[in-house]
file start_39.txt (compact mmCIF, C-alpha atoms)
# COMPACT_ATOMS: atom_id res chain seq x y z
CA MET A 49 0.00 0.00 0.00
CA ASN A 50 1.50 3.36 -0.97
CA SER A 51 1.82 6.18 1.54
CA ALA A 52 -1.00 8.25 0.02
CA ARG A 53 -3.51 5.39 0.27
CA ARG A 54 -2.28 4.57 3.78
CA GLY A 55 -2.83 8.18 4.80
CA VAL A 56 -6.40 8.16 3.43
CA LEU A 57 -7.12 4.90 5.28
CA VAL A 58 -5.79 6.26 8.58
CA MET A 59 -7.88 9.40 8.17
CA ALA A 60 -11.00 7.35 7.40
CA LEU A 61 -10.46 5.12 10.42
CA GLY A 62 -9.96 8.18 12.59
CA LEU A 63 -13.23 9.68 11.39
CA LEU A 64 -15.01 6.39 12.00
CA ALA A 65 -13.64 6.20 15.53
CA ALA A 66 -14.80 9.73 16.20
CA LEU A 67 -18.28 8.92 14.95
CA VAL A 68 -18.49 5.82 17.12
CA ALA A 69 -17.30 7.76 20.16
CA GLY A 70 -19.85 10.47 19.49
CA PHE A 71 -22.63 7.90 19.18
CA GLY A 72 -21.61 6.29 22.48
CA ALA A 73 -21.90 9.68 24.16
CA ALA A 74 -25.53 9.94 23.00
CA GLY A 75 -24.73 12.83 20.71
CA CYS A 76 -23.28 15.04 23.46
CA THR A 77 -19.96 16.81 23.38
CA GLY A 78 -17.41 16.95 26.12
CA SER A 79 -19.17 14.26 28.15
CA SER A 80 -17.54 13.17 31.40
CA GLY A 81 -18.41 11.30 34.56
CA ASP A 82 -19.06 14.61 36.38
CA THR A 83 -21.40 16.05 33.75
CA LEU A 84 -25.19 16.09 34.03
CA THR A 85 -26.64 14.57 30.87
CA VAL A 86 -29.99 15.83 29.63
CA TYR A 87 -32.08 14.29 26.87
CA SER A 88 -34.40 17.04 25.66
CA GLY A 89 -37.46 16.74 23.47
CA ARG A 90 -37.71 20.51 23.61
CA THR A 91 -35.73 22.35 20.97
CA GLU A 92 -32.65 24.26 21.99
CA ASN A 93 -34.22 27.70 21.59
CA LEU A 94 -37.05 26.75 23.98
CA ILE A 95 -34.96 25.24 26.81
CA GLY A 96 -31.28 25.85 26.08
CA PRO A 97 -31.04 29.30 27.70
CA LEU A 98 -32.38 27.91 30.98
CA LEU A 99 -29.92 25.02 30.92
CA ASP A 100 -27.10 27.49 30.30
CA ASP A 101 -28.29 29.61 33.25
CA PHE A 102 -28.39 26.57 35.51
CA ALA A 103 -24.86 25.56 34.55
CA GLN A 104 -23.57 29.08 35.15
CA GLU A 105 -25.31 29.48 38.52
CA THR A 106 -24.47 26.06 39.93
CA GLY A 107 -21.17 25.22 38.25
CA ILE A 108 -22.65 21.91 37.12
CA ASP A 109 -21.67 21.07 33.56
CA ILE A 110 -24.47 19.92 31.28
CA ASP A 111 -24.41 17.92 28.07
CA VAL A 112 -27.65 17.95 26.07
CA ARG A 113 -28.96 15.64 23.40
CA TYR A 114 -31.87 17.17 21.48
CA GLY A 115 -34.41 15.19 19.50
CA GLN A 116 -38.04 14.22 19.18
CA SER A 117 -39.53 13.36 22.59
CA ALA A 118 -40.84 9.97 21.49
CA ASP A 119 -37.56 9.03 19.84
CA LEU A 120 -35.56 9.96 22.94
CA ALA A 121 -37.91 7.98 25.18
CA LEU A 122 -37.46 4.95 22.97
CA LEU A 123 -33.69 5.52 23.04
CA ILE A 124 -33.62 5.54 26.85
CA GLU A 125 -35.62 2.33 26.81
CA SER A 126 -33.20 0.68 24.39
CA GLU A 127 -30.11 1.90 26.26
CA GLY A 128 -31.30 0.22 29.46
CA ASP A 129 -28.88 0.36 32.37
CA ARG A 130 -26.22 1.80 30.06
CA SER A 131 -28.11 5.04 29.45
CA PRO A 132 -26.03 8.12 30.30
CA ALA A 133 -29.19 10.21 30.69
CA ASP A 134 -29.86 11.88 34.04
CA VAL A 135 -32.85 14.01 33.08
CA PHE A 136 -35.47 13.57 30.37
CA ILE A 137 -37.25 16.76 29.33
CA SER A 138 -40.22 15.97 27.14
CA GLN A 139 -42.36 18.13 24.91
CA SER A 140 -44.88 15.34 25.29
CA PRO A 141 -46.51 13.95 28.45
CA GLY A 142 -47.03 10.77 26.47
CA ALA A 143 -43.29 10.16 26.21
CA LEU A 144 -42.95 10.62 29.97
CA GLY A 145 -45.85 8.22 30.53
CA PHE A 146 -44.16 5.71 28.26
CA LEU A 147 -40.97 5.74 30.34
CA GLU A 148 -42.91 5.59 33.59
CA ALA A 149 -44.84 2.55 32.38
CA ASP A 150 -41.51 0.99 31.44
CA GLY A 151 -40.15 1.59 34.95
CA ARG A 152 -37.49 4.01 33.72
CA LEU A 153 -38.25 7.05 35.90
CA SER A 154 -37.44 7.72 39.56
CA GLU A 155 -39.78 9.18 42.16
CA LEU A 156 -39.22 12.89 42.68
CA SER A 157 -39.00 14.62 46.05
CA PRO A 158 -42.20 16.05 47.58
CA GLU A 159 -40.52 19.48 47.59
CA THR A 160 -40.19 19.42 43.80
CA LEU A 161 -43.63 17.92 43.16
CA ASP A 162 -45.40 20.40 45.40
CA LEU A 163 -44.23 23.29 43.24
CA VAL A 164 -46.88 22.30 40.67
CA ASP A 165 -50.60 21.68 41.00
CA GLU A 166 -51.34 17.96 41.16
CA GLN A 167 -53.33 18.23 37.90
CA PHE A 168 -50.06 18.82 36.06
CA ARG A 169 -47.81 16.21 37.64
CA ASP A 170 -47.63 12.46 37.75
CA PRO A 171 -49.95 10.92 40.39
CA ASP A 172 -47.13 8.53 41.27
CA GLY A 173 -44.62 11.36 41.56
CA GLU A 174 -42.26 10.32 38.77
CA TRP A 175 -42.49 13.40 36.54
CA VAL A 176 -43.56 17.01 36.88
CA GLY A 177 -44.99 19.54 34.44
CA LEU A 178 -42.89 22.60 33.59
CA SER A 179 -45.27 24.52 31.31
CA ALA A 180 -48.60 23.96 29.60
CA ARG A 181 -50.01 24.48 26.14
CA VAL A 182 -53.39 24.00 24.56
CA ARG A 183 -54.23 22.27 21.31
CA VAL A 184 -56.11 24.66 19.02
CA LEU A 185 -57.19 25.13 15.43
CA VAL A 186 -55.26 28.05 13.92
CA TYR A 187 -57.02 29.59 10.92
CA ASN A 188 -56.47 32.23 8.25
CA THR A 189 -58.81 35.12 8.98
CA ASP A 190 -58.80 36.19 5.31
CA ALA A 191 -59.97 32.75 4.16
CA VAL A 192 -62.23 31.55 6.97
CA ASN A 193 -65.31 33.16 8.45
CA GLU A 194 -66.00 32.41 12.10
CA ASP A 195 -69.24 30.65 11.21
CA GLU A 196 -67.20 28.17 9.12
CA LEU A 197 -65.22 26.96 12.14
CA PRO A 198 -66.09 23.42 13.25
CA GLU A 199 -67.80 22.76 16.55
CA SER A 200 -65.65 19.68 17.07
CA VAL A 201 -62.30 18.39 15.87
CA PHE A 202 -64.20 15.33 14.66
CA ASP A 203 -65.97 17.55 12.10
CA LEU A 204 -62.73 18.07 10.18
CA VAL A 205 -63.31 14.85 8.24
CA ASN A 206 -66.38 16.42 6.62
CA GLU A 207 -66.34 17.38 2.94
CA GLU A 208 -66.50 21.10 3.66
CA TYR A 209 -62.98 20.90 5.11
CA ALA A 210 -61.48 18.79 2.31
CA GLY A 211 -57.93 19.86 1.53
CA ARG A 212 -58.18 22.82 3.92
CA VAL A 213 -56.50 21.43 7.06
CA GLY A 214 -52.86 20.86 8.02
CA VAL A 215 -51.46 18.46 10.62
CA ALA A 216 -47.96 17.42 11.75
CA PRO A 217 -48.02 13.61 12.19
CA GLU A 218 -44.49 13.41 13.60
CA ASN A 219 -45.13 16.07 16.23
CA GLY A 220 -45.28 14.78 19.81
CA SER A 221 -48.28 16.93 20.70
CA PHE A 222 -50.25 15.59 17.74
CA GLN A 223 -49.36 12.06 18.81
CA ASP A 224 -50.49 12.86 22.36
CA PHE A 225 -53.73 14.22 20.95
CA VAL A 226 -54.28 10.98 19.04
CA SER A 227 -53.48 8.97 22.18
CA GLY A 228 -56.01 11.10 24.04
CA MET A 229 -58.56 10.31 21.36
CA ARG A 230 -57.85 6.61 21.76
CA GLU A 231 -58.42 6.91 25.51
CA THR A 232 -61.60 8.92 25.03
CA VAL A 233 -63.42 7.22 22.14
CA GLY A 234 -61.45 4.00 21.55
CA ASP A 235 -59.17 2.71 18.81
CA ASP A 236 -61.83 2.01 16.21
CA GLU A 237 -63.22 5.54 16.19
CA THR A 238 -59.71 6.99 16.35
CA SER A 239 -58.61 4.96 13.34
CA ALA A 240 -61.74 6.03 11.49
CA TRP A 241 -60.96 9.71 12.21
CA LEU A 242 -57.34 9.39 11.10
CA GLU A 243 -58.32 7.60 7.91
CA GLY A 244 -61.07 10.15 7.32
CA MET A 245 -58.56 12.98 7.64
CA ALA A 246 -56.23 11.29 5.15
CA ASP A 247 -59.07 10.61 2.72
CA ASN A 248 -60.22 14.22 3.06
CA GLY A 249 -56.98 15.56 1.61
CA THR A 250 -55.49 16.77 4.90
CA GLN A 251 -52.05 18.29 4.28
CA THR A 252 -49.11 17.07 6.35
CA TYR A 253 -46.18 19.17 7.58
CA ALA A 254 -42.98 18.56 9.47
CA ASN A 255 -43.98 20.53 12.55
CA ASN A 256 -46.31 23.14 14.01
CA THR A 257 -44.23 26.05 12.76
CA ALA A 258 -44.60 24.82 9.19
CA ILE A 259 -48.37 24.54 9.67
CA LEU A 260 -48.61 28.08 11.04
CA GLU A 261 -46.58 29.45 8.14
CA ALA A 262 -48.70 27.55 5.60
CA VAL A 263 -51.89 28.93 7.13
CA ALA A 264 -50.49 32.47 7.20
CA ARG A 265 -49.62 32.41 3.49
CA GLY A 266 -52.93 30.80 2.53
CA GLU A 267 -51.58 27.41 1.49
CA VAL A 268 -54.14 25.80 3.80
CA ASP A 269 -57.01 27.51 5.58
CA MET A 270 -56.45 26.01 9.02
CA GLY A 271 -54.32 23.59 11.01
CA LEU A 272 -54.10 21.71 14.30
CA VAL A 273 -51.28 23.18 16.41
CA ASN A 274 -50.35 24.24 19.94
CA HIS A 275 -51.62 27.67 20.94
CA TYR A 276 -48.26 29.37 21.40
CA TYR A 277 -47.17 29.12 17.76
CA ASN A 278 -49.70 31.72 16.73
CA GLU A 279 -48.94 33.88 19.76
CA ARG A 280 -45.28 33.87 18.80
CA ALA A 281 -46.08 34.73 15.18
CA LYS A 282 -48.36 37.59 16.21
CA ALA A 283 -45.67 38.98 18.51
CA GLU A 284 -43.25 39.08 15.59
CA ASN A 285 -45.82 40.43 13.12
CA PRO A 286 -49.15 41.70 14.51
CA ASP A 287 -50.55 41.82 10.96
CA THR A 288 -50.25 38.04 10.48
CA PRO A 289 -53.74 36.99 9.31
CA THR A 290 -54.07 34.09 11.75
CA GLU A 291 -56.05 33.45 14.92
CA ASN A 292 -56.40 30.59 17.37
CA TYR A 293 -59.73 28.83 17.74
CA PHE A 294 -60.44 26.99 20.98
CA PHE A 295 -62.94 24.22 20.38
CA PRO A 296 -65.92 24.62 22.75
CA GLY A 297 -67.66 22.25 25.12
CA GLY A 298 -64.72 20.17 26.33
CA ASP A 299 -63.94 18.98 22.82
CA LEU A 300 -60.81 16.88 22.38
CA GLY A 301 -59.46 19.48 19.96
CA THR A 302 -58.80 21.75 22.96
CA LEU A 303 -56.68 19.31 24.93
CA VAL A 304 -54.33 20.80 27.54
CA LEU A 305 -50.87 19.23 27.41
CA VAL A 306 -47.75 19.78 29.46
CA THR A 307 -44.07 19.91 28.82
CA GLY A 308 -42.56 17.95 31.68
CA ALA A 309 -39.44 16.36 33.04
CA GLY A 310 -38.35 13.35 35.04
CA ILE A 311 -35.20 11.72 36.36
CA VAL A 312 -34.09 8.53 34.64
CA ASP A 313 -33.99 5.57 37.02
CA THR A 314 -30.32 4.89 36.22
CA ALA A 315 -29.25 8.55 36.46
CA PRO A 316 -25.56 8.82 37.40
CA HIS A 317 -26.23 12.16 39.18
CA PRO A 318 -29.72 12.05 40.74
CA ASP A 319 -29.12 14.88 43.21
CA ASP A 320 -27.95 17.27 40.49
CA ALA A 321 -30.87 16.12 38.36
CA GLU A 322 -33.35 17.00 41.11
CA GLU A 323 -31.68 20.39 41.49
CA LEU A 324 -32.17 21.05 37.79
CA LEU A 325 -35.89 20.25 37.96
CA ALA A 326 -36.34 22.61 40.91
CA PHE A 327 -34.46 25.28 38.96
CA LEU A 328 -36.80 24.90 35.97
CA LEU A 329 -39.73 25.51 38.31
CA ASN A 330 -38.38 28.61 40.01
CA GLU A 331 -39.92 32.01 39.32
CA GLU A 332 -37.27 33.18 36.85
CA SER A 333 -37.52 30.04 34.74
CA GLN A 334 -41.30 30.14 34.78
CA GLN A 335 -41.18 33.75 33.61
CA PHE A 336 -39.01 32.57 30.71
CA PHE A 337 -41.71 30.11 29.65
CA ALA A 338 -44.33 32.86 29.90
CA ALA A 339 -42.37 35.57 28.09
CA GLU A 340 -40.26 33.63 25.60
CA THR A 341 -42.37 30.63 24.65
CA PHE A 342 -45.86 32.14 25.28
CA GLU A 343 -46.89 29.06 27.24
CA TYR A 344 -48.75 28.75 30.51
CA PRO A 345 -46.28 28.67 33.44
CA LEU A 346 -47.19 26.00 35.97
CA ALA A 347 -45.33 27.07 39.12
CA ALA A 348 -44.36 30.03 41.25
CA GLY A 349 -47.60 31.91 40.61
CA VAL A 350 -46.31 33.39 37.34
CA GLU A 351 -49.00 34.50 34.88
CA PRO A 352 -48.91 34.33 31.06
CA THR A 353 -47.53 37.45 29.39
CA VAL A 354 -50.03 37.41 26.51
CA ASP A 355 -53.81 37.54 26.53
CA LEU A 356 -54.72 33.88 26.89
CA PRO A 357 -57.84 32.25 28.30
CA PRO A 358 -57.20 31.37 31.95
CA LEU A 359 -55.90 27.83 32.14
CA ALA A 360 -58.36 26.97 34.92
CA GLY A 361 -61.25 28.11 32.73
CA ILE A 362 -60.42 26.01 29.67
CA ASP A 363 -62.95 23.25 29.21
CA THR A 364 -60.63 20.37 28.41
CA PRO A 365 -61.62 16.70 28.05
CA PRO A 366 -60.90 14.33 30.96
CA VAL A 367 -57.72 12.74 29.63
CA THR A 368 -55.09 11.30 31.98
CA LEU A 369 -51.85 12.93 30.82
CA GLY A 370 -49.53 10.19 32.06
CA ALA A 371 -51.58 7.52 30.32
CA LEU A 372 -50.92 9.03 26.89
CA GLY A 373 -47.63 7.17 26.53
CA GLY A 374 -48.76 3.69 27.50
CA ASP A 375 -49.07 2.55 23.88
CA LEU A 376 -46.92 5.17 22.18
CA ALA A 377 -45.72 2.78 19.47
CA VAL A 378 -49.31 1.77 18.72
CA THR A 379 -50.36 5.41 18.35
CA ARG A 380 -47.51 6.10 15.94
CA ASP A 381 -48.39 3.01 13.91
CA MET A 382 -52.04 4.02 13.75
CA ILE A 383 -51.12 7.44 12.40
CA SER A 384 -48.78 5.94 9.82
CA ASP A 385 -51.23 3.23 8.78
CA SER A 386 -53.99 5.79 8.27
CA GLY A 387 -52.16 7.38 5.36
CA LEU A 388 -51.19 10.55 7.22
CA GLY A 389 -47.77 9.11 7.96
CA ALA A 390 -45.56 9.37 11.03
CA GLY A 391 -41.90 8.97 11.77
call {"tool": "encode", "arguments": {"input": "start_39.txt", "output": "structure tokens"}}
result
Amino acid sequence: MNSARRGVLVMALGLLAALVAGFGAAGCTGSSGDTLTVYSGRTENLIGPLLDDFAQETGIDIDVRYGQSADLALLIESEGDRSPADVFISQSPGALGFLEADGRLSELSPETLDLVDEQFRDPDGEWVGLSARVRVLVYNTDAVNEDELPESVFDLVNEEYAGRVGVAPENGSFQDFVSGMRETVGDDETSAWLEGMADNGTQTYANNTAILEAVARGEVDMGLVNHYYNERAKAENPDTPTENYFFPGGDLGTLVLVTGAGIVDTAPHPDDAEELLAFLLNEESQQFFAAETFEYPLAAGVEPTVDLPPLAGIDTPPVTLGALGGDLAVTRDMISDSGLGAG
């Protein structure tokens, strides 16, 4: 082998070794035995600043792996006792429920749990809500009259809404919504609704932001999203022709969901992990959720910074948040099999 080819081979092997090492560190950089490892289903812009603040204030180094909540929950399950994860932050209560059902979360201290109303924490004390959001139908005010809005999310399969609605099948909140439908009306009716949406020409998008943007430019008339996407868009451009519609009468389309967090049962640093959860529930962090993400803060008596319906006054269906993850894989398969598709 000549020297040039040998050099290329050495370089290739070095790159391969680096990739393998990176994979073993769960996608984190600078990982060490003294570093708190966080798996986050929240995107970096929505949680990263708080993690940076925690590291600066406490001196505890943090490595973060970002990804879809469901995918990270499945990763923790597959990693088993070898998982480096200390804390799992989930955009989806279903993903937390999945890990709890799998026995992969630890019980939190009463001091941490009591920071949040019991409605928004695990009854068994293994995860706690950080912020709340509401499922809504965002619509283009130039294209839709108020009298055209459906009374129920189940009406969206009707012919009058053909080709006019957008959904994000891979989004954790949409999957939680479908799991909530399964709990409320059963698998047969849920499958019928999903198939009806696919047959009705429902448009699919990668995420809620893409739906909001499509509605704003008139590509579709309306879409199922979380409430704060429109609030964020209106803050950036008050002339955006979009509004949120809260389904009335306790309809499943207005399901309240939480972003939450738990400590992995094999966490190498459980005390630091508990400290991080308490930090995310302090007044400053809760103000961040209110001001930066336009969500409902769940602790410290902090109020939303935008004009939202009071959380206590929202007529939401009686869905057990922690139960949404019990059959997460089944929910994802149902969405995919319907023709809407899911990752």
call {"tool": "residues_around", "arguments": {"input": "start_39.txt", "residues": "stretch 141-158 of chain A", "least_positions_apart": "2", "cutoff": "8 Å", "atoms": "all atoms listed in the file", "output": "PDB file with C-alpha atoms, in the coordinates of the input"}}
result
ATOM      1  CA  SER A 117     -39.530  13.360  22.590  1.00  0.00           C
ATOM      2  CA  ALA A 118     -40.840   9.970  21.490  1.00  0.00           C
ATOM      3  CA  ALA A 121     -37.910   7.980  25.180  1.00  0.00           C
ATOM      4  CA  GLU A 125     -35.620   2.330  26.810  1.00  0.00           C
ATOM      5  CA  SER A 138     -40.220  15.970  27.140  1.00  0.00           C
ATOM      6  CA  GLN A 139     -42.360  18.130  24.910  1.00  0.00           C
ATOM      7  CA  THR A 160     -40.190  19.420  43.800  1.00  0.00           C
ATOM      8  CA  LEU A 161     -43.630  17.920  43.160  1.00  0.00           C
ATOM      9  CA  ASP A 162     -45.400  20.400  45.400  1.00  0.00           C
ATOM     10  CA  ASP A 172     -47.130   8.530  41.270  1.00  0.00           C
ATOM     11  CA  GLY A 173     -44.620  11.360  41.560  1.00  0.00           C
ATOM     12  CA  GLU A 174     -42.260  10.320  38.770  1.00  0.00           C
ATOM     13  CA  TRP A 175     -42.490  13.400  36.540  1.00  0.00           C
ATOM     14  CA  GLY A 220     -45.280  14.780  19.810  1.00  0.00           C
ATOM     15  CA  ASP A 224     -50.490  12.860  22.360  1.00  0.00           C
ATOM     16  CA  SER A 227     -53.480   8.970  22.180  1.00  0.00           C
ATOM     17  CA  LEU A 305     -50.870  19.230  27.410  1.00  0.00           C
ATOM     18  CA  VAL A 306     -47.750  19.780  29.460  1.00  0.00           C
ATOM     19  CA  THR A 307     -44.070  19.910  28.820  1.00  0.00           C
ATOM     20  CA  GLY A 308     -42.560  17.950  31.680  1.00  0.00           C
ATOM     21  CA  ALA A 309     -39.440  16.360  33.040  1.00  0.00           C
ATOM     22  CA  GLY A 310     -38.350  13.350  35.040  1.00  0.00           C
ATOM     23  CA  ILE A 311     -35.200  11.720  36.360  1.00  0.00           C
ATOM     24  CA  VAL A 312     -34.090   8.530  34.640  1.00  0.00           C
ATOM     25  CA  ASP A 313     -33.990   5.570  37.020  1.00  0.00           C
ATOM     26  CA  THR A 314     -30.320   4.890  36.220  1.00  0.00           C
ATOM     27  CA  GLU A 322     -33.350  17.000  41.110  1.00  0.00           C
ATOM     28  CA  LEU A 369     -51.850  12.930  30.820  1.00  0.00           C
ATOM     29  CA  GLY A 370     -49.530  10.190  32.060  1.00  0.00           C
ATOM     30  CA  ALA A 371     -51.580   7.520  30.320  1.00  0.00           C
ATOM     31  CA  LEU A 372     -50.920   9.030  26.890  1.00  0.00           C
ATOM     32  CA  GLY A 373     -47.630   7.170  26.530  1.00  0.00           C
ATOM     33  CA  GLY A 374     -48.760   3.690  27.500  1.00  0.00           C
ATOM     34  CA  ASP A 375     -49.070   2.550  23.880  1.00  0.00           C
ATOM     35  CA  LEU A 376     -46.920   5.170  22.180  1.00  0.00           C
TER      36      LEU A 376
END
call {"tool": "axis_aligned_box", "arguments": {"input": "start_39.txt", "around": "stretch 133-139 of chain A", "padding_each_side": "5 Å", "output": "JSON"}}
result
{"center_x": -35.8, "center_y": 14.2, "center_z": 29.5, "size_x": 23.2, "size_y": 17.9, "size_z": 19.1}
call {"tool": "closest_atom_pairs", "arguments": {"input": "start_39.txt", "of": "stretch 238-330 of chain A", "to": "stretch 356-361 of chain A", "cutoff": "12 Å", "atoms": "all atoms listed in the file", "output": "Markdown table"}}
result
| residue | atom | partner | partner_atom | distance |
| --- | --- | --- | --- | --- |
| A:His275 | CA | A:Leu356 | CA | 9.1 |
| A:Tyr276 | CA | A:Leu356 | CA | 9.6 |
| A:Asn278 | CA | A:Leu356 | CA | 11.5 |
| A:Glu279 | CA | A:Leu356 | CA | 9.2 |
| A:Asn292 | CA | A:Leu356 | CA | 10.2 |
| A:Tyr293 | CA | A:Pro357 | CA | 11.3 |
| A:Phe294 | CA | A:Pro357 | CA | 9.4 |
| A:Pro296 | CA | A:Gly361 | CA | 11.6 |
| A:Gly297 | CA | A:Gly361 | CA | 11.5 |
| A:Gly298 | CA | A:Gly361 | CA | 10.8 |
| A:Thr302 | CA | A:Leu359 | CA | 11.4 |
| A:Leu303 | CA | A:Leu359 | CA | 11.2 |
| A:Val304 | CA | A:Leu359 | CA | 8.5 |
| A:Leu305 | CA | A:Leu359 | CA | 11.0 |
| A:Val306 | CA | A:Leu359 | CA | 11.8 |
call {"tool": "write_last_selection", "arguments": {"input": "start_39.txt", "atoms": "C-alpha atoms", "output": "short mmCIF file (atom, residue, chain, number, x, y, z; two decimals), keeping the file's coordinate frame"}}
result
data_model
loop_
_atom_site.label_atom_id
_atom_site.label_comp_id
_atom_site.auth_asym_id
_atom_site.auth_seq_id
_atom_site.Cartn_x
_atom_site.Cartn_y
_atom_site.Cartn_z
CA HIS A 275 -51.62 27.67 20.94
CA TYR A 276 -48.26 29.37 21.40
CA ASN A 278 -49.70 31.72 16.73
CA GLU A 279 -48.94 33.88 19.76
CA ASN A 292 -56.40 30.59 17.37
CA TYR A 293 -59.73 28.83 17.74
CA PHE A 294 -60.44 26.99 20.98
CA PRO A 296 -65.92 24.62 22.75
CA GLY A 297 -67.66 22.25 25.12
CA GLY A 298 -64.72 20.17 26.33
CA THR A 302 -58.80 21.75 22.96
CA LEU A 303 -56.68 19.31 24.93
CA VAL A 304 -54.33 20.80 27.54
CA LEU A 305 -50.87 19.23 27.41
CA VAL A 306 -47.75 19.78 29.46
#
call {"tool": "residues_around", "arguments": {"input": "start_39.txt", "residues": "A:Thr290", "least_positions_apart": "2", "cutoff": "9 Å", "atoms": "only C-alpha atoms", "output": "list in words"}}
result
Val186, Tyr187, Asn188, Thr189, Asp190, Leu260, Val263, Ala264, Met270, Asn278, Ala281, Lys282, Asp287, Thr288 and Asn292 of chain A
call {"tool": "closest_residue", "arguments": {"input": "start_39.txt", "among": "A:Ala348, A:Ala315, A:Gly244, A:Gly177", "to": "A:Glu332", "atoms": "all atoms listed in the file"}}
result
A:Ala348
call {"tool": "closest_residue", "arguments": {"input": "start_39.txt", "among": "A:Asp247, A:Glu199, A:Glu237, A:Glu207", "to": "A:Gly387", "atoms": "all atoms listed in the file"}}
result
A:Asp247
call {"tool": "residues_around", "arguments": {"input": "start_39.txt", "residues": "A:Ala258", "least_positions_apart": "6", "cutoff": "12 Å", "atoms": "all atoms listed in the file", "output": "PyMOL selection string"}}
result
chain A and resi 214-216+219+251-252+264-265+267-268+270-273+277-278+281
